[in-house]
$ cat start.cif   # mmCIF, C-alpha atoms
data_input
#
loop_
_atom_site.label_atom_id
_atom_site.label_comp_id
_atom_site.auth_asym_id
_atom_site.auth_seq_id
_atom_site.Cartn_x
_atom_site.Cartn_y
_atom_site.Cartn_z
CA MET A 1 25.57 3.48 -37.68
CA SER A 2 22.92 5.28 -35.63
CA THR A 3 22.25 8.99 -35.50
CA ASN A 4 21.31 11.15 -32.50
CA GLY A 5 21.10 8.07 -30.33
CA TYR A 6 18.47 6.32 -32.48
CA PRO A 7 18.92 3.17 -34.58
CA PRO A 8 18.87 3.45 -38.40
CA ALA A 9 15.53 3.32 -40.13
CA ALA A 10 16.28 -0.14 -41.53
CA ALA A 11 16.80 -1.64 -38.08
CA THR A 12 14.75 -4.70 -37.26
CA THR A 13 12.33 -4.86 -34.36
CA SER A 14 14.77 -6.93 -32.29
CA GLN A 15 17.59 -4.44 -33.02
CA PHE A 16 15.36 -1.53 -32.04
CA ARG A 17 14.36 -3.30 -28.85
CA GLU A 18 17.97 -4.04 -27.93
CA HIS A 19 18.97 -0.45 -28.66
CA ALA A 20 16.12 0.84 -26.50
CA PHE A 21 17.20 -1.39 -23.63
CA GLU A 22 20.78 -0.17 -23.98
CA ALA A 23 19.69 3.48 -24.01
CA LEU A 24 17.60 2.83 -20.93
CA ARG A 25 20.58 1.35 -19.08
CA GLU A 26 22.66 4.40 -19.97
CA GLN A 27 20.02 6.62 -18.35
CA ALA A 28 19.63 4.45 -15.27
CA ARG A 29 22.16 6.06 -12.98
CA PRO A 30 20.08 7.18 -10.01
CA ARG A 31 21.30 10.01 -7.81
CA HIS A 32 20.03 9.24 -4.36
CA ARG A 33 19.57 11.91 -1.73
CA TYR A 34 20.37 9.51 1.06
CA TRP A 35 20.01 12.15 3.77
CA LEU A 36 16.43 12.89 2.71
CA HIS A 37 15.44 9.21 2.60
CA ALA A 38 16.99 8.68 6.05
CA LEU A 39 15.38 11.79 7.55
CA LEU A 40 11.90 10.92 6.31
CA PHE A 41 12.31 7.34 7.49
CA LEU A 42 13.37 8.43 11.00
CA LEU A 43 10.50 10.92 11.23
CA THR A 44 8.08 8.19 10.15
CA ILE A 45 9.44 5.90 12.86
CA LEU A 46 8.64 8.68 15.35
CA THR A 47 5.10 9.38 14.13
CA THR A 48 4.14 5.70 13.82
CA THR A 49 5.67 4.89 17.22
CA VAL A 50 3.56 7.61 18.87
CA VAL A 51 0.45 6.00 17.41
CA GLY A 52 1.73 2.55 18.36
CA ALA A 53 2.27 3.60 21.97
CA GLU A 54 -1.37 4.61 22.36
CA LEU A 55 -2.53 1.46 20.56
CA SER A 56 -0.43 -0.63 22.93
CA ASN A 57 -1.59 1.17 26.08
CA SER A 58 -5.22 0.92 24.99
CA PHE A 59 -4.84 -2.77 24.24
CA TYR A 60 -3.22 -3.72 27.55
CA ASP A 61 -5.57 -1.47 29.55
CA GLY A 62 -8.53 -3.11 27.84
CA ARG A 63 -10.09 0.15 26.64
CA PRO A 64 -11.05 1.40 23.15
CA PHE A 65 -8.41 3.21 21.16
CA ASP A 66 -8.64 6.95 21.82
CA LEU A 67 -7.60 9.10 18.86
CA ASN A 68 -7.31 12.20 21.03
CA LYS A 69 -4.78 10.51 23.29
CA ASP A 70 -2.91 9.47 20.17
CA PHE A 71 -2.32 13.14 19.31
CA GLU A 72 -1.47 13.90 22.94
CA GLY A 73 1.40 11.48 22.55
CA TYR A 74 3.37 14.07 20.57
CA THR A 75 3.58 16.24 23.68
CA ARG A 76 3.89 13.35 26.13
CA ILE A 77 7.19 12.17 24.64
CA TRP A 78 8.91 15.39 25.76
CA HIS A 79 8.19 14.52 29.39
CA ASN A 80 8.61 10.76 29.12
CA PRO A 81 10.56 9.56 26.06
CA LEU A 82 10.38 5.97 27.33
CA TYR A 83 6.67 6.20 26.50
CA LEU A 84 7.65 5.41 22.92
CA ILE A 85 9.04 1.96 23.69
CA ASP A 86 5.55 0.49 23.87
CA GLY A 87 4.87 1.74 20.35
CA LEU A 88 7.76 -0.06 18.67
CA PRO A 89 5.96 -3.38 17.96
CA PHE A 90 3.38 -1.49 15.90
CA SER A 91 5.73 0.95 14.18
CA LEU A 92 8.51 -1.50 13.31
CA THR A 93 6.03 -4.05 11.97
CA LEU A 94 4.27 -1.45 9.85
CA LEU A 95 7.49 0.03 8.48
CA LEU A 96 8.82 -3.44 7.67
CA ILE A 97 5.70 -4.14 5.59
CA LEU A 98 5.82 -0.79 3.80
CA LEU A 99 9.56 -1.14 3.21
CA ALA A 100 9.12 -4.64 1.77
CA HIS A 101 6.47 -3.33 -0.63
CA GLU A 102 8.59 -0.43 -1.88
CA MET A 103 11.81 -2.45 -2.04
CA GLY A 104 9.96 -4.98 -4.19
CA HIS A 105 9.41 -2.20 -6.74
CA TYR A 106 12.93 -0.85 -6.29
CA LEU A 107 14.75 -4.15 -6.74
CA ALA A 108 12.64 -5.11 -9.75
CA GLY A 109 13.39 -1.72 -11.31
CA ARG A 110 17.12 -2.00 -10.66
CA TYR A 111 17.10 -5.53 -12.11
CA TYR A 112 15.90 -4.09 -15.42
CA GLY A 113 18.18 -1.05 -15.24
CA VAL A 114 15.32 1.40 -14.65
CA ASN A 115 16.24 4.68 -12.98
CA VAL A 116 14.31 4.34 -9.74
CA THR A 117 14.74 6.04 -6.38
CA LEU A 118 14.91 4.53 -2.93
CA PRO A 119 11.62 4.72 -0.96
CA PHE A 120 10.37 8.04 0.36
CA PHE A 121 8.43 7.57 3.61
CA ILE A 122 5.79 10.16 4.51
CA PRO A 123 5.51 10.97 8.23
CA ALA A 124 2.19 12.48 9.28
CA PRO A 125 0.12 12.82 12.47
CA THR A 126 -2.63 10.58 11.10
CA LEU A 127 -4.57 7.65 12.50
CA ILE A 128 -1.66 5.35 11.59
CA GLY A 129 1.20 7.84 11.86
CA THR A 130 2.05 7.96 8.17
CA LEU A 131 0.71 8.53 4.67
CA GLY A 132 2.66 5.55 3.40
CA ALA A 133 5.73 5.44 1.17
CA PHE A 134 6.53 5.69 -2.52
CA ILE A 135 9.34 5.45 -5.04
CA ARG A 136 9.94 7.58 -8.13
CA ILE A 137 10.62 6.07 -11.56
CA ARG A 138 12.75 8.50 -13.54
CA SER A 139 13.21 6.68 -16.83
CA PRO A 140 10.83 5.14 -19.36
CA ILE A 141 9.53 1.61 -18.96
CA ILE A 142 9.58 0.28 -22.49
CA ALA A 143 8.21 -3.25 -22.26
CA ARG A 144 5.02 -4.77 -20.90
CA ARG A 145 6.89 -7.46 -19.00
CA ILE A 146 9.07 -4.85 -17.26
CA LEU A 147 6.05 -2.75 -16.32
CA PHE A 148 4.28 -5.87 -15.04
CA ASP A 149 7.24 -7.13 -13.03
CA ILE A 150 7.87 -3.75 -11.37
CA GLY A 151 4.17 -3.22 -10.70
CA ILE A 152 3.48 -6.61 -9.16
CA ALA A 153 6.73 -6.97 -7.19
CA GLY A 154 5.63 -4.47 -4.53
CA PRO A 155 2.21 -5.93 -3.62
CA ILE A 156 3.53 -9.49 -3.57
CA ALA A 157 6.55 -8.59 -1.43
CA GLY A 158 4.42 -6.58 0.99
CA PHE A 159 1.69 -9.23 1.20
CA ILE A 160 4.15 -12.05 1.89
CA THR A 161 5.88 -9.94 4.54
CA LEU A 162 2.68 -9.12 6.43
CA LEU A 163 1.42 -12.72 6.67
CA VAL A 164 3.57 -13.73 9.65
CA PRO A 165 2.87 -10.54 11.67
CA LEU A 166 -0.81 -10.94 10.83
CA VAL A 167 -0.97 -14.51 12.18
CA VAL A 168 1.18 -13.70 15.23
CA GLY A 169 -0.75 -10.50 15.94
CA ILE A 170 -4.13 -12.24 15.75
CA SER A 171 -2.84 -14.96 18.08
CA LEU A 172 -1.91 -12.25 20.60
CA SER A 173 -5.30 -10.54 20.24
CA LYS A 174 -8.12 -10.96 22.76
CA PRO A 175 -11.92 -10.96 22.78
CA VAL A 176 -13.53 -8.17 24.81
CA ALA A 177 -16.97 -7.87 26.30
CA TRP A 178 -17.47 -4.15 25.78
CA THR A 179 -18.74 -2.47 22.64
CA VAL A 180 -17.22 0.64 21.11
CA PRO A 181 -18.98 3.85 22.29
CA ARG A 182 -21.12 5.68 19.77
CA GLY A 183 -19.08 7.87 17.43
CA ASP A 184 -15.81 6.04 18.03
CA LEU A 185 -13.98 4.45 15.13
CA ILE A 186 -14.40 0.84 14.07
CA PHE A 187 -11.91 -0.74 11.69
CA GLY A 188 -13.18 -2.94 8.87
CA THR A 189 -12.27 -6.59 8.54
CA PRO A 190 -10.94 -7.74 5.14
CA PRO A 191 -11.65 -11.36 4.13
CA ILE A 192 -8.20 -12.76 4.96
CA LEU A 193 -8.33 -11.22 8.44
CA ARG A 194 -11.83 -12.62 9.01
CA ALA A 195 -10.70 -16.09 7.91
CA LEU A 196 -7.66 -16.09 10.20
CA GLU A 197 -9.72 -14.85 13.14
CA TRP A 198 -12.13 -17.70 12.60
CA MET A 199 -9.35 -20.30 12.42
CA ILE A 200 -7.43 -19.03 15.47
CA PHE A 201 -10.49 -18.22 17.62
CA ARG A 202 -12.75 -20.95 16.25
CA HIS A 203 -14.79 -21.35 19.43
CA THR A 204 -14.89 -17.66 20.34
CA ASP A 205 -17.11 -14.81 19.20
CA THR A 206 -14.77 -12.64 17.11
CA SER A 207 -17.24 -9.80 16.62
CA HIS A 208 -15.50 -7.94 19.45
CA LEU A 209 -11.95 -9.18 18.95
CA TYR A 210 -9.42 -6.58 20.09
CA LEU A 211 -6.48 -6.71 17.70
CA HIS A 212 -2.97 -6.64 19.12
CA PRO A 213 -0.85 -3.68 17.84
CA VAL A 214 1.18 -6.08 15.67
CA ALA A 215 -2.04 -7.32 14.05
CA ARG A 216 -3.17 -3.72 13.64
CA ALA A 217 0.07 -2.93 11.78
CA ALA A 218 -0.58 -5.90 9.50
CA TRP A 219 -4.14 -4.58 9.02
CA VAL A 220 -2.65 -1.31 7.76
CA GLY A 221 -0.48 -3.37 5.41
CA LEU A 222 -3.61 -5.10 4.10
CA LEU A 223 -5.26 -1.74 3.47
CA ALA A 224 -2.15 -0.40 1.71
CA THR A 225 -2.01 -3.52 -0.47
CA ALA A 226 -5.67 -3.20 -1.47
CA LEU A 227 -5.32 0.52 -2.26
CA ASN A 228 -2.27 -0.08 -4.42
CA LEU A 229 -3.91 -2.94 -6.31
CA LEU A 230 -6.88 -0.84 -7.40
CA PRO A 231 -6.83 -1.06 -11.23
CA ILE A 232 -6.35 2.66 -11.77
CA GLY A 233 -3.68 4.60 -13.69
CA GLN A 234 -0.45 5.03 -11.75
CA LEU A 235 -1.32 2.56 -8.98
CA ASP A 236 0.28 -0.88 -9.01
CA GLY A 237 -3.03 -2.37 -10.10
CA GLY A 238 -3.12 0.12 -12.98
CA HIS A 239 0.33 -0.96 -14.14
CA ILE A 240 -0.69 -4.60 -13.98
CA LEU A 241 -3.91 -3.90 -15.87
CA TYR A 242 -2.03 -1.93 -18.55
CA SER A 243 0.31 -4.90 -19.01
CA PHE A 244 -2.72 -6.98 -19.98
CA VAL A 245 -5.00 -4.62 -21.93
CA GLY A 246 -2.75 -1.75 -23.02
CA GLU A 247 -4.40 1.57 -23.92
CA ARG A 248 -7.83 0.32 -22.86
CA THR A 249 -6.59 0.94 -19.31
CA LYS A 250 -7.39 4.65 -19.77
CA PHE A 251 -11.11 3.95 -20.14
CA LEU A 252 -11.13 1.29 -17.42
CA SER A 253 -9.27 3.58 -15.00
CA ARG A 254 -11.92 6.25 -15.42
CA LEU A 255 -14.62 3.63 -14.90
CA PHE A 256 -13.05 2.45 -11.64
CA VAL A 257 -12.58 6.05 -10.42
CA VAL A 258 -16.31 6.66 -10.97
CA ALA A 259 -17.05 3.41 -9.11
CA LEU A 260 -14.94 4.60 -6.16
CA ALA A 261 -16.76 7.93 -6.11
CA VAL A 262 -20.15 6.16 -6.14
CA LEU A 263 -18.98 3.90 -3.31
CA GLY A 264 -17.84 6.94 -1.34
CA VAL A 265 -21.16 8.76 -1.76
CA THR A 266 -23.07 5.62 -0.77
CA LEU A 267 -21.03 5.17 2.41
CA LEU A 268 -21.56 8.82 3.37
CA PHE A 269 -25.20 7.99 4.08
CA THR A 270 -24.30 5.21 6.53
CA SER A 271 -22.28 4.98 9.74
CA ALA A 272 -19.27 4.32 7.50
CA TYR A 273 -18.96 7.98 6.52
CA PRO A 274 -15.20 8.11 7.34
CA ALA A 275 -14.72 5.41 4.70
CA GLY A 276 -16.97 7.38 2.35
CA ILE A 277 -14.80 10.45 2.73
CA MET A 278 -11.68 8.33 2.21
CA TRP A 279 -12.96 6.81 -1.05
CA LEU A 280 -14.16 10.19 -2.35
CA LEU A 281 -10.79 11.80 -1.64
CA TRP A 282 -8.96 8.85 -3.18
CA SER A 283 -11.10 9.02 -6.32
CA VAL A 284 -10.41 12.77 -6.67
CA VAL A 285 -6.67 12.29 -6.19
CA MET A 286 -6.61 9.48 -8.74
CA PHE A 287 -8.66 11.48 -11.24
CA PHE A 288 -6.33 14.49 -11.20
CA LEU A 289 -2.96 12.87 -10.48
CA GLY A 290 -3.09 9.17 -11.25
CA MET A 291 -4.78 8.70 -14.63
CA ARG A 292 -1.82 9.15 -16.98
CA HIS A 293 0.15 6.12 -18.04
CA PRO A 294 3.47 5.79 -19.92
CA VAL A 295 3.42 4.48 -23.47
CA ILE A 296 4.92 1.03 -23.88
CA VAL A 297 7.34 0.62 -26.82
CA ASP A 298 7.53 -3.17 -26.73
CA PRO A 299 3.98 -4.56 -26.70
CA THR A 300 5.02 -8.25 -26.57
CA PRO A 301 2.26 -10.19 -24.74
CA LEU A 302 2.92 -11.44 -21.23
CA SER A 303 4.18 -14.97 -20.66
CA PRO A 304 1.89 -17.63 -19.13
CA VAL A 305 3.75 -17.36 -15.80
CA ARG A 306 3.08 -13.62 -15.64
CA ARG A 307 -0.58 -14.19 -16.49
CA TRP A 308 -0.82 -16.56 -13.53
CA LEU A 309 0.87 -13.94 -11.35
CA GLY A 310 -1.72 -11.44 -12.54
CA LEU A 311 -4.41 -13.82 -11.30
CA ALA A 312 -2.54 -14.05 -7.98
CA ALA A 313 -2.61 -10.24 -7.74
CA LEU A 314 -6.38 -10.28 -8.26
CA ILE A 315 -6.78 -12.88 -5.50
CA ILE A 316 -4.61 -10.81 -3.14
CA PHE A 317 -6.77 -7.76 -3.89
CA LEU A 318 -9.97 -9.67 -3.09
CA LEU A 319 -8.45 -10.97 0.15
CA THR A 320 -7.32 -7.53 1.34
CA PHE A 321 -10.10 -5.21 0.13
CA THR A 322 -12.94 -4.06 2.36
CA LEU A 323 -15.71 -1.66 1.41
CA ALA A 324 -15.53 0.28 4.69
CA PRO A 325 -12.01 0.22 6.16
CA VAL A 326 -13.01 2.75 8.85
CA GLN A 327 -16.47 3.59 10.16
CA THR A 328 -18.04 5.03 13.26
CA ALA A 329 -19.90 3.03 15.87
CA ALA A 330 -23.67 3.34 15.61
CA SER A 331 -25.89 4.11 18.58
#

$ encode --input "start.cif" --output "structure tokens"
Amino acid sequence: MSTNGYPPAAATTSQFREHAFEALREQARPRHRYWLHALLFLLTILTTTVVGAELSNSFYDGRPFDLNKDFEGYTRIWHNPLYLIDGLPFSLTLLLILLAHEMGHYLAGRYYGVNVTLPFFIPAPTLIGTLGAFIRIRSPIIARRILFDIGIAGPIAGFITLLVPLVVGISLSKPVAWTVPRGDLIFGTPPILRALEWMIFRHTDTSHLYLHPVARAAWVGLLATALNLLPIGQLDGGHILYSFVGERTKFLSRLFVVALAVLGVTLLFTSAYPAGIMWLLWSVVMFFLGMRHPVIVDPTPLSPVRRWLGLAALIIFLLTFTLAPVQTAAS
């Protein structure tokens, strides 16, 4: 007979583990604020579609993307709402990728009875129309394998989902003769994007390849995947790392945060200063908000299959990461 919800002191490890799982299931009754999830999602459709409309118009007019016109789109829609239709290929592709990533976490959490919320999307008048999406985990994760499965499910789901739009979008892209004017933004090219450009445009100079809005949405998905797979604290990569090395993750997380800060400072002295600012801000956010990690009750080592999946996550990170995601054109 247990007392105060805990198993008796003489309980075996397996009995304790089973009791912990049962207690976790009892807690896992999420209360969703469906109206809030829906409202944020609809607002994010709006903000990403405004960005997508300018991306589409710039692409078909054969001119560089103009960030100022992107912000003008928020006033333009009041006079011509049909203006937004051109932005749907970008926005719907991007939201599909982000949704797949977050639903990967959500479904894995629900499979194990973890109290996890539906995705919260974050609308914002940014370069891509959003600050991404996230879920909240409201109950403890007590086993390494559960932490690993929830952590890796998002990046794998998002990466698989973006592959088709990435290939299709690159196929719809076009080489251009002009160069970006000084001071305008240039988007970095992660390794998987570079490889696909080379395969699809094998006999064409891809140094000035103008990405179709669908490919640009997939590019955002690549960036989001790389950011989430950074091996730091509360990020997906931090959860995966903790599943392998346990409490040593605290030291390694701090090491990687310092590395990000050094990268940011280095890029500030080049034409990639927007990327430098991004990495510095990300390192600060991670240092103050993302370093803590829940204690795992069941430290059973990961199975061979999960170790192979961990290697797959590392490969995905290397394919999607770029040192300077955004930089300015040099003179």

$ resolve_selection --input "start.cif" --expression "the PyMOL selection byres ((chain A and resi 306-315) around 10)" --output "number ranges by chain"
A: 145, 148-149, 152-153, 155-156, 159, 225-226, 229-231, 236-237, 240-241, 243-244, 301-305, 316-320

$ residues_around --input "start.cif" --residues "Pro119 in chain A" --least-positions-apart "3" --cutoff "9 Å" --atoms "all atoms listed in the file" --output "PyMOL selection string"
chain A and resi 37+41+99+102-103+106+133-136

$ write_last_selection --input "start.cif" --atoms "C-alpha atoms" --output "short mmCIF file (atom, residue, chain, number, x, y, z; two decimals), in the frame of the given file"
data_model
loop_
_atom_site.label_atom_id
_atom_site.label_comp_id
_atom_site.auth_asym_id
_atom_site.auth_seq_id
_atom_site.Cartn_x
_atom_site.Cartn_y
_atom_site.Cartn_z
CA HIS A 37 15.44 9.21 2.60
CA PHE A 41 12.31 7.34 7.49
CA LEU A 99 9.56 -1.14 3.21
CA GLU A 102 8.59 -0.43 -1.88
CA MET A 103 11.81 -2.45 -2.04
CA TYR A 106 12.93 -0.85 -6.29
CA ALA A 133 5.73 5.44 1.17
CA PHE A 134 6.53 5.69 -2.52
CA ILE A 135 9.34 5.45 -5.04
CA ARG A 136 9.94 7.58 -8.13
#

$ resolve_selection --input "start.cif" --expression "the PyMOL selection byres ((chain A and resi 131) around 6)" --output "PyMOL selection string"
chain A and resi 122+130+132

$ axis_aligned_box --input "start.cif" --around "range 137-150 of chain A" --padding-each-side "5 Å" --output "lines of an AutoDock Vina configuration file"
center_x = 8.7
center_y = 0.5
center_z = -16.9
size_x = 18.9
size_y = 26.0
size_z = 21.1

$ residues_near_point --input "start.cif" --point "(-5.0, -6.8, 16.0)" --cutoff "10 Å" --atoms "all atoms listed in the file" --output "list in words"
Leu55, Phe59, Phe90, Pro165, Leu166, Val167, Val168, Gly169, Ile170, Ser171, Leu172, Ser173, Lys174, Leu193, Glu197, Leu209, Tyr210, Leu211, His212, Pro213, Val214, Ala215, Arg216, Ala217, Ala218 and Trp219 of chain A

$ residues_around --input "start.cif" --residues "Phe288 in chain A" --least-positions-apart "3" --cutoff "12 Å" --atoms "all atoms listed in the file" --output "tab-separated table (two decimals) with C-alpha atoms, in the coordinates of the input"
chain	number	residue	atom	x	y	z
A	232	ILE	CA	-6.35	2.66	-11.77
A	233	GLY	CA	-3.68	4.60	-13.69
A	234	GLN	CA	-0.45	5.03	-11.75
A	253	SER	CA	-9.27	3.58	-15.00
A	254	ARG	CA	-11.92	6.25	-15.42
A	257	VAL	CA	-12.58	6.05	-10.42
A	281	LEU	CA	-10.79	11.80	-1.64
A	282	TRP	CA	-8.96	8.85	-3.18
A	283	SER	CA	-11.10	9.02	-6.32
A	284	VAL	CA	-10.41	12.77	-6.67
A	285	VAL	CA	-6.67	12.29	-6.19
A	291	MET	CA	-4.78	8.70	-14.63
A	292	ARG	CA	-1.82	9.15	-16.98

$ closest_atom_pairs --input "start.cif" --of "range 123-165 of chain A" --to "range 108-117 of chain A" --cutoff "9 Å" --atoms "only C-alpha atoms" --output "CSV"
residue,atom,partner,partner_atom,distance
A:Ile135,CA,A:Thr117,CA,5.6
A:Arg136,CA,A:Thr117,CA,5.3
A:Ile137,CA,A:Val116,CA,4.5
A:Arg138,CA,A:Asn115,CA,5.2
A:Ser139,CA,A:Asn115,CA,5.3
A:Pro140,CA,A:Val114,CA,7.5
A:Ile141,CA,A:Val114,CA,7.2
A:Ile146,CA,A:Tyr112,CA,7.1
A:Leu147,CA,A:Gly109,CA,8.9
A:Asp149,CA,A:Ala108,CA,6.6
A:Ile150,CA,A:Ala108,CA,5.2
A:Gly151,CA,A:Ala108,CA,8.7
A:Ala153,CA,A:Ala108,CA,6.7
A:Gly154,CA,A:Ala108,CA,8.8

$ resolve_selection --input "start.cif" --expression "the PyMOL selection byres ((chain A and resi 36) around 12)" --output "list in words"
Arg31, His32, Arg33, Tyr34, Trp35, His37, Ala38, Leu39, Leu40, Phe41, Leu42, Leu43, Thr117, Leu118, Pro119, Phe120, Phe121 and Ile122 of chain A

$ closest_residue --input "start.cif" --among "A:Val258, A:Val245, A:Val50, A:Ala177" --to "Leu127 in chain A" --atoms "all atoms listed in the file"
A:Val50

$ atom_distance --input "start.cif" --atom1 "CA of Arg76 in chain A" --atom2 "CA of Ala224 in chain A"
28.7 Å

$ closest_residue --input "start.cif" --among "A:Leu323, A:Leu223, A:Ile296, A:Ala272" --to "Arg144 in chain A" --atoms "all atoms listed in the file"
A:Ile296

$ closest_residue --input "start.cif" --among "A:Ser207, A:Thr300, A:Thr266, A:Asn57" --to "Ile186 in chain A" --atoms "all atoms listed in the file"
A:Ser207

$ closest_residue --input "start.cif" --among "A:Gly52, A:Gly246, A:Pro299, A:Gly276" --to "Ile128 in chain A" --atoms "only C-alpha atoms"
A:Gly52

$ atom_distance --input "start.cif" --atom1 "CA of Thr189 in chain A" --atom2 "CA of His208 in chain A"
11.5 Å

$ closest_residue --input "start.cif" --among "A:Leu92, A:Leu222, A:Val51, A:Val262" --to "Thr322 in chain A" --atoms "only C-alpha atoms"
A:Leu222

$ decode --input "start.cif" --residues "range 159-174 of chain A" --atoms "N, CA and C atoms" --output "PDB file, in the first residue's frame"
ATOM      1  N   PHE A 159      11.672  18.118 -40.887  1.00  0.00           N
ATOM      2  CA  PHE A 159      12.647  17.935 -41.966  1.00  0.00           C
ATOM      3  C   PHE A 159      12.053  17.116 -43.103  1.00  0.00           C
ATOM      4  N   ILE A 160      11.367  16.025 -42.768  1.00  0.00           N
ATOM      5  CA  ILE A 160      10.742  15.200 -43.804  1.00  0.00           C
ATOM      6  C   ILE A 160       9.693  16.002 -44.570  1.00  0.00           C
ATOM      7  N   THR A 161       8.926  16.819 -43.846  1.00  0.00           N
ATOM      8  CA  THR A 161       7.865  17.597 -44.474  1.00  0.00           C
ATOM      9  C   THR A 161       8.408  18.646 -45.429  1.00  0.00           C
ATOM     10  N   LEU A 162       9.562  19.231 -45.130  1.00  0.00           N
ATOM     11  CA  LEU A 162      10.071  20.314 -45.973  1.00  0.00           C
ATOM     12  C   LEU A 162      10.805  19.820 -47.218  1.00  0.00           C
ATOM     13  N   LEU A 163      11.120  18.533 -47.294  1.00  0.00           N
ATOM     14  CA  LEU A 163      11.919  18.039 -48.419  1.00  0.00           C
ATOM     15  C   LEU A 163      11.215  18.221 -49.755  1.00  0.00           C
ATOM     16  N   VAL A 164       9.934  17.848 -49.830  1.00  0.00           N
ATOM     17  CA  VAL A 164       9.207  17.988 -51.101  1.00  0.00           C
ATOM     18  C   VAL A 164       9.064  19.454 -51.499  1.00  0.00           C
ATOM     19  N   PRO A 165       8.596  20.350 -50.597  1.00  0.00           N
ATOM     20  CA  PRO A 165       8.554  21.769 -50.983  1.00  0.00           C
ATOM     21  C   PRO A 165       9.919  22.326 -51.370  1.00  0.00           C
ATOM     22  N   LEU A 166      10.974  21.836 -50.741  1.00  0.00           N
ATOM     23  CA  LEU A 166      12.312  22.325 -51.061  1.00  0.00           C
ATOM     24  C   LEU A 166      12.687  21.954 -52.494  1.00  0.00           C
ATOM     25  N   VAL A 167      12.464  20.693 -52.864  1.00  0.00           N
ATOM     26  CA  VAL A 167      12.790  20.242 -54.222  1.00  0.00           C
ATOM     27  C   VAL A 167      11.907  20.950 -55.251  1.00  0.00           C
ATOM     28  N   VAL A 168      10.601  21.007 -54.982  1.00  0.00           N
ATOM     29  CA  VAL A 168       9.672  21.666 -55.908  1.00  0.00           C
ATOM     30  C   VAL A 168      10.011  23.147 -56.031  1.00  0.00           C
ATOM     31  N   GLY A 169      10.262  23.801 -54.893  1.00  0.00           N
ATOM     32  CA  GLY A 169      10.565  25.227 -54.908  1.00  0.00           C
ATOM     33  C   GLY A 169      11.843  25.544 -55.660  1.00  0.00           C
ATOM     34  N   ILE A 170      12.873  24.721 -55.488  1.00  0.00           N
ATOM     35  CA  ILE A 170      14.120  24.942 -56.232  1.00  0.00           C
ATOM     36  C   ILE A 170      13.884  24.745 -57.720  1.00  0.00           C
ATOM     37  N   SER A 171      13.081  23.753 -58.081  1.00  0.00           N
ATOM     38  CA  SER A 171      12.768  23.513 -59.494  1.00  0.00           C
ATOM     39  C   SER A 171      12.063  24.709 -60.125  1.00  0.00           C
ATOM     40  N   LEU A 172      11.270  25.436 -59.336  1.00  0.00           N
ATOM     41  CA  LEU A 172      10.548  26.609 -59.829  1.00  0.00           C
ATOM     42  C   LEU A 172      11.386  27.885 -59.758  1.00  0.00           C
ATOM     43  N   SER A 173      12.573  27.789 -59.167  1.00  0.00           N
ATOM     44  CA  SER A 173      13.440  28.959 -59.028  1.00  0.00           C
ATOM     45  C   SER A 173      14.089  29.300 -60.365  1.00  0.00           C
ATOM     46  N   LYS A 174      14.769  30.443 -60.421  1.00  0.00           N
ATOM     47  CA  LYS A 174      15.354  30.878 -61.696  1.00  0.00           C
ATOM     48  C   LYS A 174      16.655  31.634 -61.456  1.00  0.00           C
TER      49      LYS A 174
END
